[in-house]
file target_4.cif (mmCIF, C-alpha atoms)
data_upload
loop_
_atom_site.group_PDB
_atom_site.id
_atom_site.type_symbol
_atom_site.label_atom_id
_atom_site.label_comp_id
_atom_site.auth_asym_id
_atom_site.auth_seq_id
_atom_site.Cartn_x
_atom_site.Cartn_y
_atom_site.Cartn_z
ATOM 1 C CA MET A 1 -11.906 210.544 -78.421
ATOM 2 C CA THR A 2 -11.351 210.554 -74.661
ATOM 3 C CA SER A 3 -10.451 207.440 -72.699
ATOM 4 C CA ILE A 4 -12.309 208.702 -69.638
ATOM 5 C CA GLY A 5 -15.013 206.314 -68.524
ATOM 6 C CA GLY A 6 -17.001 205.644 -65.421
ATOM 7 C CA SER A 7 -19.930 203.978 -63.736
ATOM 8 C CA ALA A 8 -22.896 204.837 -61.574
ATOM 9 C CA VAL A 9 -22.808 204.130 -57.856
ATOM 10 C CA MET A 10 -25.255 204.661 -55.013
ATOM 11 C CA GLU A 11 -26.367 208.309 -55.270
ATOM 12 C CA GLY A 12 -23.343 209.177 -57.347
ATOM 13 C CA VAL A 13 -20.923 208.642 -60.212
ATOM 14 C CA MET A 14 -17.384 207.293 -60.505
ATOM 15 C CA MET A 15 -15.169 208.714 -63.260
ATOM 16 C CA ARG A 16 -11.845 207.177 -64.219
ATOM 17 C CA GLY A 17 -9.288 209.326 -65.993
ATOM 18 C CA PRO A 18 -5.788 208.477 -67.239
ATOM 19 C CA LYS A 19 -4.190 209.248 -63.865
ATOM 20 C CA GLU A 20 -6.933 209.552 -61.246
ATOM 21 C CA ILE A 21 -10.255 208.075 -60.206
ATOM 22 C CA ALA A 22 -12.934 210.262 -58.618
ATOM 23 C CA THR A 23 -16.248 209.252 -57.063
ATOM 24 C CA ALA A 24 -18.805 211.943 -56.273
ATOM 25 C CA VAL A 25 -21.848 211.214 -54.084
ATOM 26 C CA ARG A 26 -24.814 213.405 -53.210
ATOM 27 C CA LYS A 27 -25.251 213.462 -49.438
ATOM 28 C CA SER A 28 -28.639 213.548 -47.755
ATOM 29 C CA ASP A 29 -28.065 217.207 -46.827
ATOM 30 C CA GLY A 30 -27.644 218.081 -50.515
ATOM 31 C CA GLU A 31 -23.874 218.559 -50.499
ATOM 32 C CA ILE A 32 -21.532 216.562 -52.753
ATOM 33 C CA GLU A 33 -18.857 214.359 -51.193
ATOM 34 C CA LEU A 34 -15.814 213.572 -53.367
ATOM 35 C CA ASP A 35 -13.360 210.683 -53.091
ATOM 36 C CA LYS A 36 -10.255 210.919 -55.264
ATOM 37 C CA ARG A 37 -7.355 208.506 -55.690
ATOM 38 C CA ALA A 38 -4.579 207.642 -58.132
ATOM 39 C CA VAL A 39 -5.201 205.027 -60.818
ATOM 40 C CA SER A 40 -3.686 201.622 -60.094
ATOM 41 C CA SER A 41 -3.938 199.768 -63.399
ATOM 42 C CA LEU A 42 -3.253 196.081 -64.033
ATOM 43 C CA VAL A 43 -2.779 196.946 -67.718
ATOM 44 C CA THR A 44 0.058 199.333 -66.892
ATOM 45 C CA LYS A 45 1.494 197.184 -64.119
ATOM 46 C CA TYR A 46 1.961 194.184 -66.411
ATOM 47 C CA HIS A 47 2.798 196.248 -69.531
ATOM 48 C CA VAL A 48 0.079 194.739 -71.730
ATOM 49 C CA ASN A 49 -1.435 197.967 -73.057
ATOM 50 C CA LYS A 50 0.003 197.298 -76.536
ATOM 51 C CA ILE A 51 -1.138 193.660 -76.765
ATOM 52 C CA PRO A 52 -4.608 193.331 -78.366
ATOM 53 C CA VAL A 53 -7.129 191.028 -76.624
ATOM 54 C CA ILE A 54 -4.775 190.448 -73.656
ATOM 55 C CA ARG A 55 -5.123 194.101 -72.644
ATOM 56 C CA GLY A 56 -8.893 193.635 -72.823
ATOM 57 C CA VAL A 57 -8.812 190.861 -70.218
ATOM 58 C CA PHE A 58 -6.740 192.998 -67.837
ATOM 59 C CA SER A 59 -8.901 196.065 -68.549
ATOM 60 C CA PHE A 60 -12.021 194.063 -67.706
ATOM 61 C CA PHE A 61 -10.675 193.189 -64.249
ATOM 62 C CA ASP A 62 -9.431 196.769 -63.829
ATOM 63 C CA SER A 63 -12.936 198.081 -64.493
ATOM 64 C CA MET A 64 -14.549 195.537 -62.166
ATOM 65 C CA ILE A 65 -12.192 196.383 -59.303
ATOM 66 C CA CYS A 66 -12.639 200.152 -59.772
ATOM 67 C CA SER A 67 -16.421 199.853 -59.934
ATOM 68 C CA ILE A 68 -16.665 197.631 -56.856
ATOM 69 C CA ARG A 69 -14.302 199.895 -54.906
ATOM 70 C CA ALA A 70 -16.354 202.978 -55.827
ATOM 71 C CA LEU A 71 -19.632 201.196 -55.085
ATOM 72 C CA MET A 72 -18.364 200.096 -51.678
ATOM 73 C CA TRP A 73 -17.247 203.633 -50.861
ATOM 74 C CA SER A 74 -20.640 205.043 -51.789
ATOM 75 C CA ALA A 75 -22.451 202.310 -49.832
ATOM 76 C CA GLU A 76 -20.247 202.921 -46.810
ATOM 77 C CA PHE A 77 -20.980 206.610 -47.036
ATOM 78 C CA VAL A 78 -24.734 206.033 -47.241
ATOM 79 C CA ASP A 79 -24.486 203.690 -44.251
ATOM 80 C CA LEU A 80 -22.807 206.462 -42.294
ATOM 81 C CA GLU A 81 -25.548 208.862 -43.301
ATOM 82 C CA ASP A 82 -28.145 206.392 -42.044
ATOM 83 C CA GLU A 83 -26.127 205.911 -38.827
ATOM 84 C CA THR A 84 -26.012 202.160 -39.281
ATOM 85 C CA SER A 85 -23.889 200.614 -36.531
ATOM 86 C CA GLU A 86 -20.974 198.307 -37.320
ATOM 87 C CA SER A 87 -21.893 194.629 -37.121
ATOM 88 C CA LYS A 88 -19.952 192.100 -35.042
ATOM 89 C CA PHE A 89 -18.709 190.469 -38.234
ATOM 90 C CA ASP A 90 -17.474 193.825 -39.595
ATOM 91 C CA LYS A 91 -15.692 194.489 -36.309
ATOM 92 C CA TRP A 92 -14.078 191.026 -36.390
ATOM 93 C CA LEU A 93 -12.832 191.644 -39.940
ATOM 94 C CA SER A 94 -11.386 195.016 -38.950
ATOM 95 C CA ASP A 95 -9.644 193.566 -35.902
ATOM 96 C CA LYS A 96 -8.338 190.565 -37.839
ATOM 97 C CA PHE A 97 -7.100 192.221 -41.037
ATOM 98 C CA GLY A 98 -6.735 195.896 -40.134
ATOM 99 C CA ASP A 99 -6.165 198.217 -43.096
ATOM 100 C CA LYS A 100 -6.262 195.298 -45.573
ATOM 101 C CA VAL A 101 -9.909 194.504 -44.837
ATOM 102 C CA LYS A 102 -11.252 196.731 -47.641
ATOM 103 C CA ASP A 103 -9.038 195.096 -50.254
ATOM 104 C CA ILE A 104 -10.099 191.658 -49.031
ATOM 105 C CA VAL A 105 -13.773 192.592 -49.265
ATOM 106 C CA ILE A 106 -13.281 194.102 -52.745
ATOM 107 C CA TYR A 107 -11.605 190.986 -54.166
ATOM 108 C CA PHE A 108 -14.102 188.709 -52.439
ATOM 109 C CA SER A 109 -16.963 190.759 -53.916
ATOM 110 C CA LEU A 110 -15.309 190.492 -57.339
ATOM 111 C CA PHE A 111 -15.035 186.718 -56.931
ATOM 112 C CA VAL A 112 -18.695 186.397 -55.894
ATOM 113 C CA ALA A 113 -19.830 188.638 -58.766
ATOM 114 C CA MET A 114 -17.854 186.555 -61.268
ATOM 115 C CA ILE A 115 -19.245 183.268 -59.915
ATOM 116 C CA PHE A 116 -22.806 184.616 -59.982
ATOM 117 C CA SER A 117 -22.446 185.975 -63.524
ATOM 118 C CA ILE A 118 -20.822 182.823 -64.900
ATOM 119 C CA GLY A 119 -23.398 180.608 -63.228
ATOM 120 C CA LEU A 120 -26.446 182.611 -64.300
ATOM 121 C CA PHE A 121 -25.429 183.697 -67.798
ATOM 122 C CA PHE A 122 -23.177 180.863 -68.981
ATOM 123 C CA ILE A 123 -23.587 177.625 -67.019
ATOM 124 C CA LEU A 124 -27.400 177.803 -66.633
ATOM 125 C CA PRO A 125 -28.085 178.436 -70.366
ATOM 126 C CA ASN A 126 -25.699 175.601 -71.242
ATOM 127 C CA ILE A 127 -27.462 173.156 -68.916
ATOM 128 C CA ILE A 128 -30.912 174.200 -70.188
ATOM 129 C CA THR A 129 -29.843 173.742 -73.804
ATOM 130 C CA GLY A 130 -28.182 170.424 -72.918
ATOM 131 C CA PHE A 131 -31.621 168.895 -72.386
ATOM 132 C CA LEU A 132 -32.229 169.384 -76.126
ATOM 133 C CA SER A 133 -29.184 167.376 -77.158
ATOM 134 C CA GLY A 134 -31.272 164.276 -77.783
ATOM 135 C CA PHE A 135 -33.465 166.146 -80.256
ATOM 136 C CA ILE A 136 -30.963 168.451 -81.998
ATOM 137 C CA LYS A 137 -27.735 167.133 -83.517
ATOM 138 C CA SER A 138 -26.210 170.302 -84.962
ATOM 139 C CA ASN A 139 -23.600 171.902 -82.676
ATOM 140 C CA LEU A 140 -24.157 175.248 -84.355
ATOM 141 C CA LEU A 141 -27.921 175.147 -83.789
ATOM 142 C CA LYS A 142 -27.514 174.140 -80.143
ATOM 143 C CA THR A 143 -24.996 176.921 -79.568
ATOM 144 C CA LEU A 144 -27.372 179.405 -81.201
ATOM 145 C CA ILE A 145 -30.231 178.247 -78.952
ATOM 146 C CA GLU A 146 -27.904 178.492 -75.938
ATOM 147 C CA GLY A 147 -27.065 182.062 -76.946
ATOM 148 C CA ILE A 148 -30.739 182.970 -77.277
ATOM 149 C CA VAL A 149 -31.442 181.482 -73.828
ATOM 150 C CA ARG A 150 -28.489 183.439 -72.384
ATOM 151 C CA ILE A 151 -29.708 186.695 -73.889
ATOM 152 C CA ALA A 152 -33.256 186.016 -72.657
ATOM 153 C CA ILE A 153 -32.003 185.416 -69.099
ATOM 154 C CA PHE A 154 -29.885 188.567 -69.264
ATOM 155 C CA LEU A 155 -32.761 190.709 -70.550
ATOM 156 C CA GLY A 156 -35.099 189.258 -67.924
ATOM 157 C CA TYR A 157 -32.566 190.033 -65.191
ATOM 158 C CA VAL A 158 -32.071 193.625 -66.378
ATOM 159 C CA LEU A 159 -35.813 194.230 -66.720
ATOM 160 C CA ALA A 160 -36.451 192.783 -63.255
ATOM 161 C CA ILE A 161 -33.885 194.916 -61.420
ATOM 162 C CA SER A 162 -34.896 198.009 -63.415
ATOM 163 C CA GLN A 163 -38.201 198.001 -61.506
ATOM 164 C CA MET A 164 -36.465 198.537 -58.160
ATOM 165 C CA GLU A 165 -36.561 202.146 -56.942
ATOM 166 C CA ASP A 166 -32.906 202.197 -55.869
ATOM 167 C CA ILE A 167 -31.815 200.781 -59.232
ATOM 168 C CA LYS A 168 -33.907 203.378 -61.070
ATOM 169 C CA ARG A 169 -31.856 206.089 -59.367
ATOM 170 C CA VAL A 170 -28.617 204.273 -60.212
ATOM 171 C CA PHE A 171 -29.754 204.164 -63.848
ATOM 172 C CA GLN A 172 -30.391 207.936 -63.688
ATOM 173 C CA TYR A 173 -26.825 208.474 -62.499
ATOM 174 C CA HIS A 174 -25.722 206.144 -65.302
ATOM 175 C CA GLY A 175 -27.423 208.502 -67.736
ATOM 176 C CA ALA A 176 -25.756 211.485 -66.047
ATOM 177 C CA GLU A 177 -22.355 209.815 -66.476
ATOM 178 C CA HIS A 178 -22.905 209.344 -70.224
ATOM 179 C CA LYS A 179 -24.209 212.871 -70.774
ATOM 180 C CA THR A 180 -21.211 214.357 -68.958
ATOM 181 C CA ILE A 181 -18.713 212.302 -70.974
ATOM 182 C CA PHE A 182 -20.455 213.304 -74.215
ATOM 183 C CA CYS A 183 -20.323 216.949 -73.134
ATOM 184 C CA TYR A 184 -16.577 216.718 -72.527
ATOM 185 C CA GLU A 185 -15.992 214.876 -75.825
ATOM 186 C CA ALA A 186 -17.904 217.604 -77.652
ATOM 187 C CA GLY A 187 -15.456 220.195 -76.300
ATOM 188 C CA LEU A 188 -18.176 222.085 -74.433
ATOM 189 C CA ASP A 189 -17.912 223.656 -71.013
ATOM 190 C CA LEU A 190 -18.848 221.162 -68.315
ATOM 191 C CA THR A 191 -22.086 222.752 -67.157
ATOM 192 C CA VAL A 192 -25.462 221.283 -66.308
ATOM 193 C CA GLU A 193 -27.035 223.249 -69.166
ATOM 194 C CA ASN A 194 -24.656 221.773 -71.766
ATOM 195 C CA ALA A 195 -24.751 218.223 -70.391
ATOM 196 C CA ARG A 196 -28.548 218.243 -70.239
ATOM 197 C CA ASN A 197 -28.755 218.334 -74.048
ATOM 198 C CA MET A 198 -26.406 215.372 -74.588
ATOM 199 C CA SER A 199 -27.491 211.796 -75.319
ATOM 200 C CA ARG A 200 -27.660 209.358 -72.436
ATOM 201 C CA LEU A 201 -26.675 206.464 -74.766
ATOM 202 C CA HIS A 202 -22.929 205.982 -75.276
ATOM 203 C CA PRO A 203 -21.179 203.453 -77.579
ATOM 204 C CA ARG A 204 -18.438 202.690 -75.011
ATOM 205 C CA CYS A 205 -20.911 201.791 -72.252
ATOM 206 C CA GLY A 206 -20.417 198.602 -70.248
ATOM 207 C CA THR A 207 -23.926 197.585 -71.280
ATOM 208 C CA SER A 208 -22.806 197.485 -74.911
ATOM 209 C CA PHE A 209 -19.731 195.526 -73.827
ATOM 210 C CA LEU A 210 -21.967 192.838 -72.313
ATOM 211 C CA VAL A 211 -23.988 192.624 -75.520
ATOM 212 C CA PHE A 212 -20.776 192.042 -77.483
ATOM 213 C CA VAL A 213 -19.815 189.340 -74.971
ATOM 214 C CA MET A 214 -23.135 187.579 -75.583
ATOM 215 C CA VAL A 215 -22.776 187.672 -79.371
ATOM 216 C CA ILE A 216 -19.069 186.760 -79.541
ATOM 217 C CA SER A 217 -19.594 183.847 -77.154
ATOM 218 C CA ILE A 218 -22.113 182.360 -79.604
ATOM 219 C CA VAL A 219 -19.499 182.444 -82.371
ATOM 220 C CA LEU A 220 -16.603 181.009 -80.339
ATOM 221 C CA PHE A 221 -18.668 178.413 -78.467
ATOM 222 C CA SER A 222 -20.016 177.031 -81.753
ATOM 223 C CA PHE A 223 -16.641 175.307 -82.259
ATOM 224 C CA ILE A 224 -16.964 173.311 -79.005
ATOM 225 C CA SER A 225 -18.388 169.804 -79.079
ATOM 226 C CA TRP A 226 -21.556 169.015 -77.126
ATOM 227 C CA ASP A 227 -20.602 165.366 -76.536
ATOM 228 C CA ASN A 228 -19.459 165.777 -72.929
ATOM 229 C CA MET A 229 -21.120 168.286 -70.589
ATOM 230 C CA TRP A 230 -18.106 168.800 -68.279
ATOM 231 C CA THR A 231 -15.691 169.254 -71.166
ATOM 232 C CA ARG A 232 -18.163 171.674 -72.752
ATOM 233 C CA LEU A 233 -18.499 173.740 -69.577
ATOM 234 C CA GLY A 234 -14.750 173.691 -68.955
ATOM 235 C CA MET A 235 -13.957 174.910 -72.467
ATOM 236 C CA ARG A 236 -16.495 177.692 -72.162
ATOM 237 C CA LEU A 237 -14.915 178.897 -68.933
ATOM 238 C CA LEU A 238 -11.456 178.798 -70.511
ATOM 239 C CA LEU A 239 -12.695 180.840 -73.473
ATOM 240 C CA LEU A 240 -14.375 183.540 -71.357
ATOM 241 C CA PRO A 241 -11.190 185.667 -71.084
ATOM 242 C CA VAL A 242 -10.833 185.453 -74.873
ATOM 243 C CA VAL A 243 -14.466 186.539 -75.285
ATOM 244 C CA ALA A 244 -13.893 189.471 -72.906
ATOM 245 C CA GLY A 245 -10.676 190.463 -74.690
ATOM 246 C CA ILE A 246 -12.253 190.450 -78.151
ATOM 247 C CA SER A 247 -15.301 192.340 -76.858
ATOM 248 C CA TYR A 248 -12.992 194.997 -75.403
ATOM 249 C CA GLU A 249 -11.246 195.485 -78.747
ATOM 250 C CA ILE A 250 -14.575 195.848 -80.564
ATOM 251 C CA ILE A 251 -16.019 198.358 -78.108
ATOM 252 C CA ARG A 252 -12.700 200.253 -78.124
ATOM 253 C CA TRP A 253 -12.939 200.491 -81.893
ATOM 254 C CA ALA A 254 -16.633 201.429 -81.704
ATOM 255 C CA GLY A 255 -15.766 204.293 -79.364
ATOM 256 C CA LYS A 256 -13.373 205.782 -81.934
ATOM 257 C CA SER A 257 -15.183 205.153 -85.214
ATOM 258 C CA LYS A 258 -18.372 206.628 -86.641
ATOM 259 C CA SER A 259 -18.631 204.265 -89.626
ATOM 260 C CA LYS A 260 -21.886 202.639 -90.684
ATOM 261 C CA VAL A 261 -20.540 199.225 -89.637
ATOM 262 C CA VAL A 262 -19.951 200.509 -86.104
ATOM 263 C CA CYS A 263 -23.432 202.021 -85.993
ATOM 264 C CA ILE A 264 -24.941 198.664 -86.958
ATOM 265 C CA ILE A 265 -23.001 196.485 -84.508
ATOM 266 C CA SER A 266 -23.464 199.034 -81.689
ATOM 267 C CA ARG A 267 -27.220 199.289 -82.166
ATOM 268 C CA PRO A 268 -28.280 196.346 -79.888
ATOM 269 C CA GLY A 269 -26.170 197.731 -77.033
ATOM 270 C CA MET A 270 -27.597 201.211 -77.555
ATOM 271 C CA TRP A 271 -31.119 199.758 -77.484
ATOM 272 C CA LEU A 272 -30.371 198.007 -74.192
ATOM 273 C CA GLN A 273 -29.036 201.261 -72.729
ATOM 274 C CA LYS A 274 -32.569 202.616 -73.003
ATOM 275 C CA ILE A 275 -33.263 200.290 -70.072
ATOM 276 C CA THR A 276 -29.998 200.627 -68.129
ATOM 277 C CA THR A 277 -29.954 204.421 -68.320
ATOM 278 C CA ARG A 278 -32.634 206.969 -67.466
ATOM 279 C CA GLU A 279 -32.866 210.711 -67.904
ATOM 280 C CA PRO A 280 -31.088 212.338 -64.939
ATOM 281 C CA ASP A 281 -32.191 215.479 -63.171
ATOM 282 C CA ASP A 282 -29.958 218.548 -62.855
ATOM 283 C CA SER A 283 -28.698 217.608 -59.398
ATOM 284 C CA GLN A 284 -27.502 214.237 -60.707
ATOM 285 C CA LEU A 285 -25.758 215.903 -63.649
ATOM 286 C CA GLU A 286 -24.016 218.194 -61.182
ATOM 287 C CA VAL A 287 -22.659 215.143 -59.328
ATOM 288 C CA ALA A 288 -21.363 213.573 -62.558
ATOM 289 C CA ILE A 289 -19.738 216.854 -63.618
ATOM 290 C CA THR A 290 -18.029 217.125 -60.211
ATOM 291 C CA ALA A 291 -16.515 213.651 -60.681
ATOM 292 C CA MET A 292 -15.464 214.442 -64.257
ATOM 293 C CA LYS A 293 -13.735 217.710 -63.369
ATOM 294 C CA ALA A 294 -11.818 215.932 -60.619
ATOM 295 C CA VAL A 295 -10.082 213.557 -63.071
ATOM 296 C CA LEU A 296 -9.257 215.991 -65.856
ATOM 297 C CA THR A 297 -5.579 216.758 -66.364
ATOM 298 C CA ASP A 298 -3.769 219.635 -68.040
ATOM 299 C CA ASN A 299 -2.114 217.250 -70.477
ATOM 300 C CA LYS A 300 -4.930 216.472 -72.918
ATOM 301 C CA GLU A 301 -2.830 213.909 -74.772
ATOM 302 C CA ASP A 302 -3.096 211.660 -71.721
ATOM 303 C CA ASP A 303 -6.846 211.485 -72.325
ATOM 304 C CA LYS A 304 -6.633 210.080 -75.849
ATOM 305 C CA TRP A 305 -6.980 206.487 -76.940
#

call {"tool": "encode", "arguments": {"input": "target_4.cif", "output": "structure tokens"}}
result
Amino acid sequence: MTSIGGSAVMEGVMMRGPKEIATAVRKSDGEIELDKRAVSSLVTKYHVNKIPVIRGVFSFFDSMICSIRALMWSAEFVDLEDETSESKFDKWLSDKFGDKVKDIVIYFSLFVAMIFSIGLFFILPNIITGFLSGFIKSNLLKTLIEGIVRIAIFLGYVLAISQMEDIKRVFQYHGAEHKTIFCYEAGLDLTVENARNMSRLHPRCGTSFLVFVMVISIVLFSFISWDNMWTRLGMRLLLLPVVAGISYEIIRWAGKSKSKVVCIISRPGMWLQKITTREPDDSQLEVAITAMKAVLTDNKEDDKW
């Protein structure tokens, strides 16, 4: 099983291999632009790749940083294609921070994304469920209701953005990413014809990871008292890295195993991927294949889990 993964970006796909990251974008003139760089991994930097759960926390931030960096590159490229002029604020940032401005924007975007996600999918469901505390005494029942509210908000959010035309195209590239990875894992030549016949639903998808996060949070949060709202919220925030780490280990295992247990626990995430992925056209598959070929190495052992 390969460790190569990726994500969809604006009009393109990012693929991350064991040594390199490549982002391929379809330009408005039909040509494919490729950005390639060496992997800079927090997991490797801090030597936590052999520590279960902990490596999952570092891998989560690794994936977020890579995805945001690739997304920013694709957005910048599209802006250039549309001949959008640099704003005064952008110019001030460039003058003030020079070459470090992109890293600053990436980490700021990561911070904003984390705050938004925590607020919408964890704090809001907790506050909504808190209003029921006077009627429901069982901590387990309240945590279960909180989890249902969280899942409902998440599904509503995904369904809402899936109606946007730009997001529909991103979801098509998401499908192209999965089909290309499946094609490579099957040992087939990386061609549009071969990738076209692959499934667009993959067990190691980030969508499935989020589903695991939702379910595992229900289990862990059930041990937290509902007596004090601030203590409750604080404990949930402290446990989020643990939730992410455990979810990583489960999805890592799911990517390697084909047992019936894995099929069962992966099913909700696969169902959700029917929304977050769409069937790509041949030109989108070509972009994903370009990104995949750019990260492949001669040493196949580097690609294994």

call {"tool": "closest_residue", "arguments": {"input": "target_4.cif", "among": "A:Leu141, A:Ala24, A:Ile275, A:Met229", "to": "A:Ala160", "atoms": "all atoms listed in the file"}}
result
A:Ile275

call {"tool": "closest_residue", "arguments": {"input": "target_4.cif", "among": "A:Leu144, A:Ile151, A:Ile123, A:Leu110", "to": "A:Leu220", "atoms": "all atoms listed in the file"}}
result
A:Leu144

call {"tool": "resolve_selection", "arguments": {"input": "target_4.cif", "expression": "the PyMOL selection byres ((chain A and resi 9) around 8)", "output": "list in words"}}
result
Ser7, Ala8, Met10, Glu11, Gly12, Val13, Met14, Ser67, Ala70, Leu71, Ser74, Val170 and Tyr173 of chain A

call {"tool": "atom_distance", "arguments": {"input": "target_4.cif", "atom1": "atom CA of A:Ser40", "atom2": "atom CA of A:His202"}}
result
24.9 Å

call {"tool": "resolve_selection", "arguments": {"input": "target_4.cif", "expression": "the PyMOL selection byres ((chain A and resi 143) around 10)", "output": "list in words"}}
result
Pro125, Asn126, Thr129, Gly130, Ser138, Asn139, Leu140, Leu141, Lys142, Leu144, Ile145, Glu146, Gly147, Ile148, Val149, Ser217, Ile218, Val219, Leu220, Phe221, Ser222, Phe223, Ile224, Ser225 and Trp226 of chain A

call {"tool": "write_last_selection", "arguments": {"input": "target_4.cif", "atoms": "C-alpha atoms", "output": "compact mmCIF listing (two decimals), in the frame of the given file"}}
result
# COMPACT_ATOMS: atom_id res chain seq x y z
CA PRO A 125 -28.08 178.44 -70.37
CA ASN A 126 -25.70 175.60 -71.24
CA THR A 129 -29.84 173.74 -73.80
CA GLY A 130 -28.18 170.42 -72.92
CA SER A 138 -26.21 170.30 -84.96
CA ASN A 139 -23.60 171.90 -82.68
CA LEU A 140 -24.16 175.25 -84.36
CA LEU A 141 -27.92 175.15 -83.79
CA LYS A 142 -27.51 174.14 -80.14
CA LEU A 144 -27.37 179.40 -81.20
CA ILE A 145 -30.23 178.25 -78.95
CA GLU A 146 -27.90 178.49 -75.94
CA GLY A 147 -27.06 182.06 -76.95
CA ILE A 148 -30.74 182.97 -77.28
CA VAL A 149 -31.44 181.48 -73.83
CA SER A 217 -19.59 183.85 -77.15
CA ILE A 218 -22.11 182.36 -79.60
CA VAL A 219 -19.50 182.44 -82.37
CA LEU A 220 -16.60 181.01 -80.34
CA PHE A 221 -18.67 178.41 -78.47
CA SER A 222 -20.02 177.03 -81.75
CA PHE A 223 -16.64 175.31 -82.26
CA ILE A 224 -16.96 173.31 -79.00
CA SER A 225 -18.39 169.80 -79.08
CA TRP A 226 -21.56 169.02 -77.13

call {"tool": "resolve_selection", "arguments": {"input": "target_4.cif", "expression": "the PyMOL selection byres ((chain A and resi 109) around 12)", "output": "PyMOL selection string"}}
result
chain A and resi 64-69+71-72+102-108+110-116

call {"tool": "atom_distance", "arguments": {"input": "target_4.cif", "atom1": "atom CA of A:Leu233", "atom2": "atom CA of A:Leu124"}}
result
10.2 Å

call {"tool": "atom_distance", "arguments": {"input": "target_4.cif", "atom1": "atom CA of A:Glu286", "atom2": "atom CA of A:Glu20"}}
result
19.1 Å

call {"tool": "residues_around", "arguments": {"input": "target_4.cif", "residues": "stretch 181-183 of chain A", "least_positions_apart": "6", "cutoff": "8 Å", "atoms": "all atoms listed in the file", "output": "list in words"}}
result
Ile4, Gly5, Asp189, Leu190, Asn194, Ala195, Met198, Ser199, His202 and Met292 of chain A

call {"tool": "closest_residue", "arguments": {"input": "target_4.cif", "among": "A:Lys27, A:Lys293, A:Arg232, A:Arg37", "to": "A:Glu76", "atoms": "all atoms listed in the file"}}
result
A:Lys27
